[in-house]
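Shown below: structure27.cif, with mmCIF, N, CA, C and O atoms.
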```
data_my_file
loop_
_atom_site.label_atom_id
_atom_site.label_comp_id
_atom_site.auth_asym_id
_atom_site.auth_seq_id
_atom_site.Cartn_x
_atom_site.Cartn_y
_atom_site.Cartn_z
N MET T 1 110.37 74.47 127.89
CA MET T 1 111.01 74.93 126.67
C MET T 1 112.52 75.05 126.88
O MET T 1 112.97 75.45 127.94
N THR T 2 113.24 74.72 125.87
CA THR T 2 114.69 74.87 125.92
C THR T 2 115.09 76.18 125.27
O THR T 2 114.27 76.88 124.68
N ASP T 3 116.39 76.52 125.36
CA ASP T 3 116.89 77.73 124.72
C ASP T 3 116.57 77.76 123.23
O ASP T 3 116.36 78.82 122.65
N LYS T 4 116.53 76.60 122.61
CA LYS T 4 116.26 76.53 121.18
C LYS T 4 114.81 76.87 120.86
O LYS T 4 114.47 77.11 119.71
N ASP T 5 113.93 76.87 121.86
CA ASP T 5 112.52 77.18 121.66
C ASP T 5 112.24 78.68 121.76
O ASP T 5 111.11 79.10 121.57
N PHE T 6 113.24 79.47 122.06
CA PHE T 6 113.07 80.91 122.21
C PHE T 6 113.85 81.66 121.14
O PHE T 6 114.85 81.18 120.64
N ILE T 7 113.37 82.84 120.82
CA ILE T 7 114.05 83.75 119.92
C ILE T 7 114.18 85.08 120.63
O ILE T 7 113.21 85.59 121.20
N ASN T 8 115.37 85.63 120.64
CA ASN T 8 115.55 87.00 121.13
C ASN T 8 115.29 87.93 119.96
O ASN T 8 115.77 87.68 118.85
N VAL T 9 114.52 88.98 120.20
CA VAL T 9 114.21 89.92 119.12
C VAL T 9 114.54 91.35 119.54
O VAL T 9 114.48 91.70 120.72
N VAL T 10 114.87 92.13 118.53
CA VAL T 10 115.04 93.57 118.67
C VAL T 10 114.12 94.17 117.62
O VAL T 10 114.20 93.82 116.44
N VAL T 11 113.20 95.03 118.06
CA VAL T 11 112.27 95.67 117.14
C VAL T 11 112.53 97.17 117.17
O VAL T 11 112.54 97.78 118.24
N VAL T 12 112.77 97.75 116.01
CA VAL T 12 112.93 99.19 115.87
C VAL T 12 111.92 99.68 114.85
O VAL T 12 111.58 98.96 113.90
N TYR T 13 111.41 100.89 115.08
CA TYR T 13 110.41 101.39 114.15
C TYR T 13 110.49 102.89 113.97
O TYR T 13 111.01 103.62 114.82
N ASP T 14 109.97 103.32 112.84
CA ASP T 14 109.82 104.74 112.50
C ASP T 14 108.45 104.85 111.84
O ASP T 14 108.28 104.45 110.69
N VAL T 15 107.47 105.31 112.61
CA VAL T 15 106.10 105.39 112.10
C VAL T 15 105.56 106.80 112.27
O VAL T 15 106.08 107.59 113.06
N ALA T 16 104.49 107.10 111.55
CA ALA T 16 103.83 108.39 111.67
C ALA T 16 103.35 108.58 113.11
O ALA T 16 102.94 107.61 113.77
N SER T 17 103.39 109.81 113.59
CA SER T 17 103.06 110.08 114.99
C SER T 17 101.65 109.62 115.36
O SER T 17 101.42 109.21 116.50
N LYS T 18 100.73 109.63 114.42
CA LYS T 18 99.36 109.20 114.73
C LYS T 18 99.27 107.70 115.01
O LYS T 18 98.31 107.25 115.63
N ARG T 19 100.27 106.93 114.61
CA ARG T 19 100.28 105.48 114.89
C ARG T 19 101.30 105.09 115.95
O ARG T 19 101.33 103.95 116.40
N ASP T 20 102.10 106.02 116.37
CA ASP T 20 103.19 105.73 117.31
C ASP T 20 102.68 105.18 118.64
O ASP T 20 103.17 104.16 119.11
N ALA T 21 101.72 105.84 119.25
CA ALA T 21 101.23 105.40 120.56
C ALA T 21 100.60 104.00 120.49
O ALA T 21 100.81 103.18 121.38
N LYS T 22 99.86 103.74 119.43
CA LYS T 22 99.22 102.43 119.29
C LYS T 22 100.25 101.33 119.10
O LYS T 22 100.15 100.26 119.72
N LEU T 23 101.27 101.58 118.28
CA LEU T 23 102.31 100.58 118.07
C LEU T 23 103.12 100.37 119.35
O LEU T 23 103.42 99.23 119.73
N HIS T 24 103.43 101.46 120.05
CA HIS T 24 104.17 101.36 121.31
C HIS T 24 103.39 100.51 122.32
O HIS T 24 103.96 99.63 122.95
N LYS T 25 102.10 100.77 122.44
CA LYS T 25 101.27 100.01 123.39
C LYS T 25 101.25 98.52 123.03
O LYS T 25 101.40 97.67 123.89
N ARG T 26 101.09 98.22 121.75
CA ARG T 26 101.03 96.83 121.31
C ARG T 26 102.36 96.10 121.59
O ARG T 26 102.38 95.00 122.12
N LEU T 27 103.48 96.72 121.24
CA LEU T 27 104.78 96.09 121.47
C LEU T 27 105.07 95.94 122.97
O LEU T 27 105.71 94.99 123.39
N SER T 28 104.58 96.88 123.78
CA SER T 28 104.79 96.82 125.23
C SER T 28 104.12 95.61 125.87
O SER T 28 104.48 95.20 126.97
N GLU T 29 103.13 95.05 125.22
CA GLU T 29 102.44 93.87 125.74
C GLU T 29 103.33 92.64 125.73
O GLU T 29 103.12 91.71 126.50
N THR T 30 104.30 92.61 124.82
CA THR T 30 105.14 91.42 124.64
C THR T 30 106.61 91.67 124.93
O THR T 30 107.30 90.77 125.41
N LEU T 31 107.08 92.87 124.65
CA LEU T 31 108.51 93.17 124.70
C LEU T 31 108.82 94.27 125.73
O LEU T 31 107.92 94.94 126.21
N TYR T 32 110.09 94.42 126.00
CA TYR T 32 110.57 95.42 126.95
C TYR T 32 110.95 96.69 126.18
O TYR T 32 111.73 96.63 125.23
N TRP T 33 110.39 97.81 126.59
CA TRP T 33 110.69 99.09 125.95
C TRP T 33 112.07 99.54 126.38
O TRP T 33 112.33 99.77 127.55
N GLU T 34 112.98 99.66 125.44
CA GLU T 34 114.36 100.01 125.73
C GLU T 34 114.64 101.49 125.48
O GLU T 34 115.31 102.13 126.26
N GLN T 35 114.15 102.00 124.37
CA GLN T 35 114.40 103.38 123.99
C GLN T 35 113.26 103.82 123.08
O GLN T 35 112.56 102.98 122.54
N LYS T 36 113.11 105.10 122.85
CA LYS T 36 111.95 105.66 122.15
C LYS T 36 111.26 104.72 121.17
O LYS T 36 110.09 104.44 121.30
N SER T 37 111.94 104.22 120.20
CA SER T 37 111.30 103.33 119.22
C SER T 37 112.05 102.00 119.09
O SER T 37 112.17 101.43 118.02
N LEU T 38 112.53 101.51 120.23
CA LEU T 38 113.28 100.26 120.24
C LEU T 38 112.78 99.37 121.37
O LEU T 38 112.67 99.80 122.51
N PHE T 39 112.46 98.15 121.03
CA PHE T 39 111.99 97.15 121.98
C PHE T 39 112.87 95.92 121.91
O PHE T 39 113.36 95.56 120.83
N LEU T 40 113.04 95.25 123.06
CA LEU T 40 113.81 94.02 123.15
C LEU T 40 112.97 92.97 123.85
O LEU T 40 112.11 93.29 124.66
N GLY T 41 113.27 91.71 123.59
CA GLY T 41 112.59 90.68 124.34
C GLY T 41 112.92 89.29 123.87
O GLY T 41 113.57 89.08 122.84
N GLU T 42 112.46 88.34 124.66
CA GLU T 42 112.60 86.93 124.35
C GLU T 42 111.20 86.40 124.14
O GLU T 42 110.32 86.60 124.99
N ILE T 43 110.99 85.73 123.03
CA ILE T 43 109.66 85.23 122.70
C ILE T 43 109.74 83.77 122.30
O ILE T 43 110.80 83.28 121.94
N GLY T 44 108.62 83.10 122.34
CA GLY T 44 108.55 81.73 121.87
C GLY T 44 108.70 81.69 120.35
O GLY T 44 108.65 82.71 119.68
N LYS T 45 108.87 80.50 119.81
CA LYS T 45 109.14 80.35 118.38
C LYS T 45 108.11 81.04 117.49
O LYS T 45 108.45 81.62 116.49
N ARG T 46 106.86 80.96 117.79
CA ARG T 46 105.82 81.58 116.96
C ARG T 46 105.49 83.01 117.42
O ARG T 46 104.64 83.65 116.83
N GLY T 47 106.16 83.50 118.42
CA GLY T 47 105.92 84.86 118.91
C GLY T 47 106.25 85.92 117.89
O GLY T 47 105.60 86.96 117.83
N ASP T 48 107.25 85.66 117.05
CA ASP T 48 107.60 86.63 116.01
C ASP T 48 106.47 86.78 115.00
O ASP T 48 106.16 87.87 114.55
N PHE T 49 105.80 85.68 114.67
CA PHE T 49 104.66 85.74 113.75
C PHE T 49 103.53 86.55 114.36
O PHE T 49 102.89 87.36 113.68
N LYS T 50 103.27 86.36 115.65
CA LYS T 50 102.22 87.11 116.34
C LYS T 50 102.53 88.61 116.32
O LYS T 50 101.66 89.42 116.02
N ILE T 51 103.77 88.96 116.61
CA ILE T 51 104.16 90.37 116.61
C ILE T 51 104.01 90.96 115.21
O ILE T 51 103.47 92.06 115.05
N MET T 52 104.48 90.24 114.19
CA MET T 52 104.38 90.76 112.82
C MET T 52 102.92 90.93 112.41
O MET T 52 102.57 91.90 111.73
N THR T 53 102.06 90.02 112.81
CA THR T 53 100.63 90.12 112.48
C THR T 53 100.02 91.36 113.15
O THR T 53 99.27 92.10 112.52
N GLN T 54 100.35 91.59 114.42
CA GLN T 54 99.83 92.75 115.13
C GLN T 54 100.35 94.05 114.52
O GLN T 54 99.59 95.01 114.34
N ILE T 55 101.62 94.10 114.21
CA ILE T 55 102.22 95.30 113.61
C ILE T 55 101.58 95.59 112.25
O ILE T 55 101.27 96.73 111.94
N ASN T 56 101.37 94.56 111.47
CA ASN T 56 100.79 94.72 110.14
C ASN T 56 99.41 95.37 110.20
O ASN T 56 99.02 96.09 109.28
N GLY T 57 98.67 95.15 111.28
CA GLY T 57 97.36 95.74 111.44
C GLY T 57 97.40 97.20 111.88
O GLY T 57 96.36 97.87 111.90
N ILE T 58 98.57 97.70 112.24
CA ILE T 58 98.70 99.07 112.74
C ILE T 58 99.38 100.00 111.75
O ILE T 58 98.95 101.12 111.53
N ILE T 59 100.46 99.52 111.14
CA ILE T 59 101.28 100.41 110.31
C ILE T 59 100.71 100.60 108.91
O ILE T 59 99.90 99.81 108.44
N ASP T 60 101.17 101.64 108.27
CA ASP T 60 100.91 101.87 106.85
C ASP T 60 102.22 101.59 106.12
O ASP T 60 103.17 102.36 106.24
N PRO T 61 102.32 100.49 105.39
CA PRO T 61 103.58 100.11 104.76
C PRO T 61 104.10 101.12 103.73
O PRO T 61 105.26 101.08 103.37
N GLU T 62 103.24 102.02 103.29
CA GLU T 62 103.68 103.06 102.36
C GLU T 62 104.41 104.20 103.07
O GLU T 62 105.16 104.93 102.45
N GLU T 63 104.16 104.36 104.38
CA GLU T 63 104.73 105.48 105.14
C GLU T 63 105.66 105.04 106.27
O GLU T 63 106.54 105.80 106.66
N ASP T 64 105.43 103.89 106.84
CA ASP T 64 106.10 103.47 108.07
C ASP T 64 107.15 102.40 107.82
O ASP T 64 107.11 101.70 106.81
N SER T 65 108.05 102.28 108.78
CA SER T 65 109.11 101.28 108.70
C SER T 65 109.25 100.57 110.04
O SER T 65 109.31 101.22 111.09
N VAL T 66 109.30 99.25 110.01
CA VAL T 66 109.53 98.43 111.20
C VAL T 66 110.57 97.38 110.83
O VAL T 66 110.48 96.73 109.79
N ILE T 67 111.58 97.22 111.69
CA ILE T 67 112.62 96.22 111.48
C ILE T 67 112.62 95.30 112.69
O ILE T 67 112.66 95.77 113.83
N ILE T 68 112.60 93.99 112.44
CA ILE T 68 112.69 93.00 113.52
C ILE T 68 113.96 92.20 113.31
O ILE T 68 114.12 91.51 112.30
N TYR T 69 114.88 92.33 114.26
CA TYR T 69 116.11 91.54 114.25
C TYR T 69 115.85 90.30 115.09
O TYR T 69 115.42 90.40 116.24
N LYS T 70 116.11 89.13 114.55
CA LYS T 70 115.90 87.87 115.26
C LYS T 70 117.25 87.26 115.59
O LYS T 70 118.07 87.04 114.69
N LEU T 71 117.47 86.96 116.84
CA LEU T 71 118.70 86.33 117.30
C LEU T 71 118.35 84.93 117.78
O LEU T 71 117.77 84.76 118.84
N ARG T 72 118.69 83.96 117.01
CA ARG T 72 118.34 82.58 117.33
C ARG T 72 119.48 81.89 118.08
O ARG T 72 120.62 82.26 117.96
N TYR T 73 119.12 80.88 118.84
CA TYR T 73 120.09 80.09 119.59
C TYR T 73 120.97 79.31 118.64
O TYR T 73 120.46 78.79 117.65
N PRO T 74 122.23 79.14 118.84
CA PRO T 74 123.02 79.77 119.90
C PRO T 74 123.39 81.20 119.49
O PRO T 74 123.90 81.43 118.40
N TRP T 75 123.06 82.12 120.34
CA TRP T 75 123.30 83.51 120.01
C TRP T 75 124.54 84.05 120.72
O TRP T 75 124.90 83.61 121.79
N VAL T 76 125.16 84.96 120.06
CA VAL T 76 126.29 85.68 120.63
C VAL T 76 126.00 87.15 120.38
O VAL T 76 126.06 87.61 119.25
N ALA T 77 125.60 87.83 121.40
CA ALA T 77 125.28 89.25 121.26
C ALA T 77 125.68 89.96 122.55
O ALA T 77 125.77 89.35 123.61
N SER T 78 125.93 91.23 122.43
CA SER T 78 126.22 92.02 123.62
C SER T 78 125.52 93.36 123.48
O SER T 78 125.17 93.78 122.38
N LEU T 79 125.30 93.99 124.59
CA LEU T 79 124.62 95.27 124.63
C LEU T 79 125.47 96.21 125.46
O LEU T 79 125.88 95.87 126.56
N GLU T 80 125.76 97.35 124.91
CA GLU T 80 126.48 98.38 125.64
C GLU T 80 125.63 99.63 125.64
O GLU T 80 125.01 99.96 124.65
N ARG T 81 125.59 100.32 126.78
CA ARG T 81 124.78 101.53 126.91
C ARG T 81 125.64 102.71 127.22
O ARG T 81 126.59 102.61 127.98
N TRP T 82 125.25 103.84 126.66
CA TRP T 82 125.86 105.12 127.02
C TRP T 82 124.74 106.09 127.30
O TRP T 82 123.71 106.09 126.63
N GLY T 83 124.93 106.93 128.27
CA GLY T 83 123.97 108.00 128.53
C GLY T 83 122.72 107.57 129.27
O GLY T 83 122.66 106.54 129.93
N LYS T 84 121.71 108.37 129.10
CA LYS T 84 120.46 108.28 129.85
C LYS T 84 119.69 106.99 129.55
O LYS T 84 119.59 106.56 128.43
N ARG T 85 119.15 106.40 130.61
CA ARG T 85 118.29 105.23 130.47
C ARG T 85 116.86 105.69 130.22
O ARG T 85 116.48 106.78 130.61
N PRO T 86 116.04 104.85 129.60
CA PRO T 86 114.64 105.24 129.39
C PRO T 86 113.91 105.32 130.71
O PRO T 86 114.29 104.66 131.69
N PRO T 87 112.87 106.15 130.78
CA PRO T 87 112.10 106.24 132.03
C PRO T 87 111.43 104.89 132.33
O PRO T 87 111.09 104.15 131.42
N SER T 88 111.22 104.62 133.59
CA SER T 88 110.62 103.34 133.96
C SER T 88 109.13 103.35 133.70
O SER T 88 108.51 102.32 133.60
N MET T 89 108.53 104.52 133.60
CA MET T 89 107.11 104.57 133.33
C MET T 89 106.82 104.62 131.85
O MET T 89 107.66 105.03 131.05
N ASN T 90 105.66 104.20 131.47
CA ASN T 90 105.23 104.20 130.08
C ASN T 90 104.97 105.64 129.66
O ASN T 90 104.28 106.38 130.34
N PHE T 91 105.48 106.07 128.51
CA PHE T 91 105.29 107.45 128.09
C PHE T 91 103.85 107.76 127.70
O PHE T 91 103.50 108.90 127.47
N LEU T 92 103.01 106.76 127.64
CA LEU T 92 101.61 106.97 127.29
C LEU T 92 100.78 107.39 128.49
O LEU T 92 99.66 107.84 128.34
N ASP T 93 101.29 107.23 129.70
CA ASP T 93 100.54 107.57 130.92
C ASP T 93 100.36 109.06 131.05
O ASP T 93 101.13 109.87 130.68
#
```
Written as C-alpha coordinates, that's how I'd like the structure from this file.
Amino acid sequence: MTDKDFINVVVVYDVASKRDAKLHKRLSETLYWEQKSLFLGEIGKRGDFKIMTQINGIIDPEEDSVIIYKLRYPWVASLERWGKRPPSMNFLD
(Lines of atoms letter the chains of each structure in order from A and count residues from 1; the text may use other names and numbers.)
(Lines give C-alpha, C1' and ligand atoms only; values in the text may rest on other atoms or scores of the structure.)
Protein backbone atom coordinates (compact mmCIF):
# COMPACT_ATOMS: atom_id res chain seq x y z
CA MET A 1 0.00 0.00 0.00
CA THR A 2 1.13 3.51 -0.71
CA ASP A 3 0.54 6.62 1.39
CA LYS A 4 -2.53 7.30 -0.74
CA ASP A 5 -4.03 3.99 0.45
CA PHE A 6 -4.10 5.13 4.08
CA ILE A 7 -6.20 7.65 5.97
CA ASN A 8 -5.14 9.22 9.24
CA VAL A 9 -8.11 9.62 11.56
CA VAL A 10 -8.88 11.41 14.78
CA VAL A 11 -11.96 10.15 16.62
CA VAL A 12 -13.47 12.12 19.50
CA TYR A 13 -16.61 11.19 21.35
CA ASP A 14 -19.01 12.18 24.10
CA VAL A 15 -21.26 9.26 25.02
CA ALA A 16 -23.35 8.19 28.00
CA SER A 17 -21.25 6.51 30.68
CA LYS A 18 -23.04 3.19 30.19
CA ARG A 19 -21.68 3.03 26.61
CA ASP A 20 -18.28 4.59 27.24
CA ALA A 21 -16.38 1.41 28.13
CA LYS A 22 -17.78 -0.51 25.17
CA LEU A 23 -16.95 2.26 22.70
CA HIS A 24 -13.47 2.68 24.19
CA LYS A 25 -12.79 -1.05 23.87
CA ARG A 26 -13.99 -1.14 20.26
CA LEU A 27 -11.91 1.88 19.18
CA SER A 28 -8.86 0.46 21.00
CA GLU A 29 -8.91 -2.52 18.64
CA THR A 30 -8.05 -0.29 15.68
CA LEU A 31 -6.76 3.05 16.96
CA TYR A 32 -4.34 4.43 19.53
CA TRP A 33 -5.92 5.84 22.69
CA GLU A 34 -4.56 9.36 23.08
CA GLN A 35 -6.74 10.95 25.74
CA LYS A 36 -9.97 10.14 27.63
CA SER A 37 -12.28 10.27 24.61
CA LEU A 38 -9.80 10.82 21.79
CA PHE A 39 -8.27 8.20 19.52
CA LEU A 40 -5.74 8.54 16.69
CA GLY A 41 -4.59 6.16 14.03
CA GLU A 42 -3.79 5.27 10.48
CA ILE A 43 -6.23 2.99 8.72
CA GLY A 44 -6.72 1.54 5.27
CA LYS A 45 -9.12 3.21 2.85
CA ARG A 46 -12.17 1.21 3.97
CA GLY A 47 -11.16 1.26 7.64
CA ASP A 48 -13.22 4.39 8.26
CA PHE A 49 -16.35 2.58 7.08
CA LYS A 50 -15.60 -0.33 9.43
CA ILE A 51 -15.14 2.04 12.38
CA MET A 52 -18.35 3.93 11.58
CA THR A 53 -20.29 0.66 11.30
CA GLN A 54 -18.97 -0.53 14.68
CA ILE A 55 -19.67 2.81 16.36
CA ASN A 56 -23.19 2.90 14.94
CA GLY A 57 -23.93 -0.40 16.69
CA ILE A 58 -22.89 1.02 20.07
CA ILE A 59 -24.02 4.63 20.32
CA ASP A 60 -27.46 6.14 20.71
CA PRO A 61 -27.60 8.93 18.10
CA GLU A 62 -30.23 10.75 20.16
CA GLU A 63 -27.87 11.06 23.17
CA ASP A 64 -24.29 10.52 21.99
CA SER A 65 -21.86 12.36 19.76
CA VAL A 66 -18.92 10.96 17.77
CA ILE A 67 -16.73 13.00 15.40
CA ILE A 68 -14.28 11.42 12.96
CA TYR A 69 -11.71 13.74 11.40
CA LYS A 70 -10.16 12.24 8.26
CA LEU A 71 -6.76 13.45 7.10
CA ARG A 72 -6.11 12.21 3.59
CA TYR A 73 -2.82 12.17 1.72
CA PRO A 74 -1.09 14.53 1.17
CA TRP A 75 -1.65 15.62 4.72
CA VAL A 76 -0.16 18.48 6.61
CA ALA A 77 -0.87 18.19 10.30
CA SER A 78 1.00 18.68 13.52
CA LEU A 79 0.41 17.63 17.08
CA GLU A 80 1.49 19.57 20.13
CA ARG A 81 1.09 18.30 23.68
CA TRP A 82 0.93 20.06 26.99
CA GLY A 83 0.71 18.46 30.38
CA LYS A 84 0.09 14.91 31.45
CA ARG A 85 0.25 12.02 28.99
CA PRO A 86 -2.41 9.30 29.10
CA PRO A 87 -1.59 6.19 31.13
CA SER A 88 -0.03 3.39 29.13
CA MET A 89 -2.50 0.89 30.51
CA ASN A 90 -6.09 0.55 29.40
CA PHE A 91 -8.45 2.24 31.87
CA LEU A 92 -10.78 -0.75 31.60
CA ASP A 93 -8.33 -3.09 33.38
request  = Apply DSSP to the backbone of this structure and, from segment 9-69 of chain T, keep only the residues in alpha helix (DSSP H); write these as a PyMOL selection string.
outcome  = chain T and resi 17-28+47-56
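Separating atom CA of Ser65 of chain T from atom CA of Glu29 of chain T is a distance of 19.7 Å.
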ask   = Looking at T:Ile7, T:Asp20, T:Thr30, T:Phe39, which one is nearest to Ile59 of chain T, with distances taken over only C-alpha atoms?
value =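 Looking only at the distances to Ile59 of chain T, the closest residue turns out to be T:Asp20.
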query = Nearest to Ala16 of chain T: which of T:Trp33, T:Thr53, T:Pro61, T:Leu40 is it, counting only C-alpha atoms?
reply =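 Counting only C-alpha atoms, the residue closest to Ala16 of chain T is T:Pro61.
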request  = Could you please write out, as a list in words, every residue of segment 9-78 of chain T that DSSP assigns to strand (DSSP E or B)?
outcome  =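 DSSP-assigned strand (DSSP E or B) residues in segment 9-78 of chain T: Val9, Val10, Val11, Val12, Tyr13, Asp14, Tyr32, Trp33, Glu34, Gln35, Leu38, Phe39, Leu40, Gly41, Glu42, Ile43, Gly44, Ser65, Val66, Ile67, Ile68, Tyr69, Lys70, Leu71 and Arg72 of chain T.
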request  = Compile the contact shell of segment 70-72 of chain T as a PyMOL selection string: residues with an atom at most 7 Å away, counting only C-alpha atoms, same-chain residues fewer than 5 positions apart removed.
outcome  = chain T and resi 7-10
request  = Please measure the separation of atom CA of Glu63 of chain T and atom C of Gly41 of chain T, giving the value in Å to one decimal.
outcome  =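 Pair atom CA of Glu63 of chain T / atom C of Gly41 of chain T returns 26.1 Å.
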inquiry  = Please compute the atom CA of Ile67 of chain T-atom N of Leu27 of chain T distance, one decimal, in Å.
reply    = 13.4 Å
task = Check the smallest atom-to-atom distance from each of T:Leu31, T:Ala21, T:Met52, T:Val12 to Val66 of chain T using only N, CA, C and O atoms, then report the winner.
result = T:Val12
